[in-house]
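**Student:** Got a structure for you, questions after.
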Amino acid sequence: MERRPPQQDIDESLIDVSEPKRWAAGVPGVAVALKRGVEQMGVARTATTLRLLNQREGFDCPGCAWPEPQGHRRLAEFCENGAKAVAEEATRRRVGREFFAAHPVAELAGKTDYWLGQQGRITEPFVLREGATHYEPIDWQDAFSLVAEHLNGLASPHEAVFYTSGRTSNEAAFLYQLLVRSFGTNNLPDCSNMCHESSGAALSETTGIGKGSVGIDDFARADLIVVVGQNPGTNHPRMLSALEDAKRGGARIVAVNPLPEAGLLRFKNPQNARGLVGAGTQLADEFLQIRLGGDQALFQAVGNLLLTWGAVDEEFVESRTDGFDAYAEHVRDLDWDAVDAATGLPRAQVELLARMLADSERTIFCWAMGLTQHRHSVPTIREIANVALLRGMIGKPGAGLCPVRGHSNVQGDRTMGIWEKMPEKFLSALESEFGVAVPREHGFDTVASIRAMRDGRARVFFAVGGNFVSAAPDTAVTEAAMRGLDLTVHVSTKLNRSHVVHGRTALVLPTLGRTESDLQHSGEQFVTVEDSMSVVHRSRGALAPASDRLLSEVSIVCRLARTVLGADHPVPWEEFEKDYDLIRDRIARVVPGCRDYNERVRRPDGFVLPHAPRDAREFTGTRTGRAQFSANELTVLEVPEGRLLLQTLRSHDQYNTTIYGLDDRYRGVKDGRRVVFVNPDDLVGLGLADGQHVDLVSEWPEDPTGVVERRAERFRVVSYPTARGCAAAYFPEANSLVPLDSTATVSGTPTSKSIVVRLAEVAD
């Protein structure tokens with residue numbers, strides 16, 4: 001019988017929805033964060049960790065990838081959710097052998113993600129042997145030998161999948177991809193496949209590099225900042241301080257989003273007196289409440305207007321770009337009725353945004369997963385790039401493209417080689433540096449990995465960090481795929497759902513957290529990370545490890561490599577484990593832009609990786625050596641009568657799949673997660689009432705015989721000012737509605753922001 005995801009173990013009658021627009025982002029979070037810290041860590045430990053969080057001699061936040069300011073840093077250089085992330089990692093709660101002896105895996109599989117995460121830090125390696133009912137302790141070397149036995153017994157290296165989350169350090173990521181490629185495969189899916197892969201694909205085509213082209217200092221120089229498909233108040237709260245600084249400098253801010261988000265509407269900065277006692281800062285000058293998936297149409301329309309008005313940086317377009325004529329011809333023939341249908345915006349708002357862009361000399365375009373998780377995500381981001389190119393907004397102070405990455409080192413992992421299709425130059429450099437042969441055949445991304453596991457073409461799954469089962473789409477398919485494997489291995493700090501949805505044999509390998517001291521043979525070590533704006537800097541924990549049986553990620557990778565590849569392998573794994581400087585010396589010789597790595601990363605603020613479009617208005621990475629305009633067919637998402645277009649999103653009390661609590665303060669939801677936000681006019685049209693319970697049923701034309709349905713049970717309807725025809729629900733609870741085969745063109749990212757659903761009434 002198919003196992004259903006566990007229901008939320010709370011009383012949904014406690015849900016209390018208030019007017020979301022009245023919440024001011026910022027100040028209430030100070031008290032919340034400190035309270036959570038004291039509950040998890042105690043007073044002294046809270047003071048120690050928060051004092052070091054995001055400081056030069058401290059550790060990088062395990063949460064988001066927003067950069068620290070260059071130069072002066074505040075005494076409290078963190079946000080509410082960053083403090084919660086630290087509290088979760090530095091908690092005094094423990095998951096040891098007594099815990100697993102008391103809880104069979106079948107019982108744990110029925111618990112919620114929130115409950116699992118609240119149990120604490122894992123203290124030693126554990127194994128679940130085939131047919132067993134409980135995890136049991138296992139010696140580290142026995143664990144490595146068990147993995148090696150399974151890996152070396154495969155018919156092909158391509159039967160193994162090696163996943164990476166964004167919290168992995170540069171040093172661990174570099175060694176991990178080296179181990180995987182030395183083993184013989186490029187099966188290196190990562191969390192970027194599910195979030196910003198569309199950004200990297202679009203930017204690589206248009207500018208030649210799949211990263212943003214701004215630095216943190218550009219925000220204070222901007223005239224206009226356009227924030228599209230992003231909720232900084234929940235997902236990147238420290239960005240609000242940068243927006244506030246920009247606002248004080250005279251910048252105008254436009255928010256484009258299907259939901260009104262409290263942080264962009266008004267921000268009370270707890271770092272200054274005005275935020276503590278005043279009304280806060282109104283950040284967004286204009287709010288365009290766009291229909292889900294309508295952003296491509298919006299920016300095509302803006303391009304049409306800019307061309308009509310002659311608001312084009314002709315010198316930049318002529319000297320730095322290709323493809324303008326084809327783009328201009330395509331956009332001038334725009335179907336305005338399609339724009340109206342796609343965006344749901346009044347024509348006057350579209351024209352206002354275009355006028356603001358025409359008048360601005362320095363514009364920054366920011367976006368996040370609201371743009372990247374649609375079938376037409378890559379064309380949408382190309383359209384933003386088109387508008388930026390029209391106005392010459394790349395390679396000048398206060399202007400540029402800014403995909404705001406989520407997890408703290410997801411961008412660094414990709415720089416270090418965590419990608420299933422790294423370029424030949426990188427692979428050749430690895431071979432030359434280490435004297436190993438590495439494969440050229442492209443590996444599996446996340447969706448392809450799930451398909452391979454589902455179809456029996458993969459037998460072993462190894463993950464460094466993350467909660468793959470809860471992060472992945474199509475929950476029932478993903479869980480069945482994991483349960484069909486011979487071996488699943490998770491390198492983790494805390495218990496999560498992926499540990500209880502396992503292969504026939506399963507291992508949990510506990511690792512150090514960012515907050516903890518890493519002592520190796522040559523002394524205390526530090527690691528490095530790369531933020532969302534290409535700054536590479538140090539991170540050094542100070543707390544005693546949660547257990548004396550923990551290993552660092554670097555140690556785990558090195559010891560596993562020696563066991564799997566043999567002691568005579570040409571890579572000096574044992575020496576790398578002893579001294580991380582030796583790893584960085586090799587990174588400097590292999591990874592572009594990382595020369596003198598050890599010297600530059602020891603500077604107070606680290607160093608910025610080179611970015612030719614940003615630094616010199618050069619676009620050497622494109623197919624012609626110039627920035628590329630593109631003509632993209634306009635996509636209008638069609639939704640059948642009686643259906644809604646649903647997006648998954650985070651509550652304010654979670655980060656990625658980690659759930660800190662059951663409140664969403666900014667949206668007025670208390671003590672509940674199984675809720676669906678629906679426009680009140682849509683509720684009337686559907687004959688539903690606020691507070692009613694429904695099943696969410698997604699509909700996907702999976703085969704010629706008709707539509708295949710997926711059902712997420714018993715969600716409470718919340719009347720909320722979403723865009724008409726659009727709805728929203730939290731992930732991972734709603735991930736079961738995302739079809740595995742519904743992915744973005746080019747990037748393969750799951751379409752978690754455009755799910756066609758119907759709301760099926762259920763009895764209360």
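The way I read the labels, and the way they are meant: chains A, B, ... in the order of the structure tokens, residue 1 as the first residue of every chain, and ligand 1 as the first ligand shown, with later ones counted on from there.
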Can you check which residues of range 69-255 of chain A DSSP gives as helix (DSSP H, G or I) on the backbone and send them as a count of residues only?

**Tutor:** 89

**Student:** For range 692-703 of chain A, list every protein, DNA or RNA residue within 7 Å, evaluated using only C-alpha atoms, and leave out those in the same chain fewer than 5 positions away; present the list as a list in words.

**Tutor:**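 Here the qualifying residues turn out to be Val708, Glu709, Arg710, Arg711, Ala712, Glu713, Arg714, Phe715, Arg716, Val717, Leu737, Ile755, Val756, Val757, Arg758, Leu759, Ala760, Glu761, Val762 and Asp764 of chain A.
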
**Student:** Suppose you want the space between CA of Met393 in chain A and CA of Val331 in chain A; what is it in Å?

**Tutor:** 19.1 Å

**Student:** Go through range 549-743 of chain A and collect every residue that DSSP, computed from the backbone, puts in strand (DSSP E or B); the answer should be as a VMD selection string.

**Tutor:** chain A and resid 551 607 to 608 627 to 628 644 to 649 654 to 655 658 to 659 664 669 675 to 678 693 to 703 706 to 719 726 to 730 743

**Student:** Give me the residues within 12 Å of Ala734 in chain A as a ChimeraX atom specification, counting only C-alpha atoms and dropping any in the same chain fewer than 4 places off.

**Tutor:** /A:5-7,470-476,646-650,657,673-676,695-698,710-715,727-730,738-739,752-753,755,757

**Student:** Could you state the separation of CA of Ser432 in chain A and CA of Tyr580 in chain A in Å, given to one decimal place?

**Tutor:**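 Here the two named atoms are 20.6 Å from each other.
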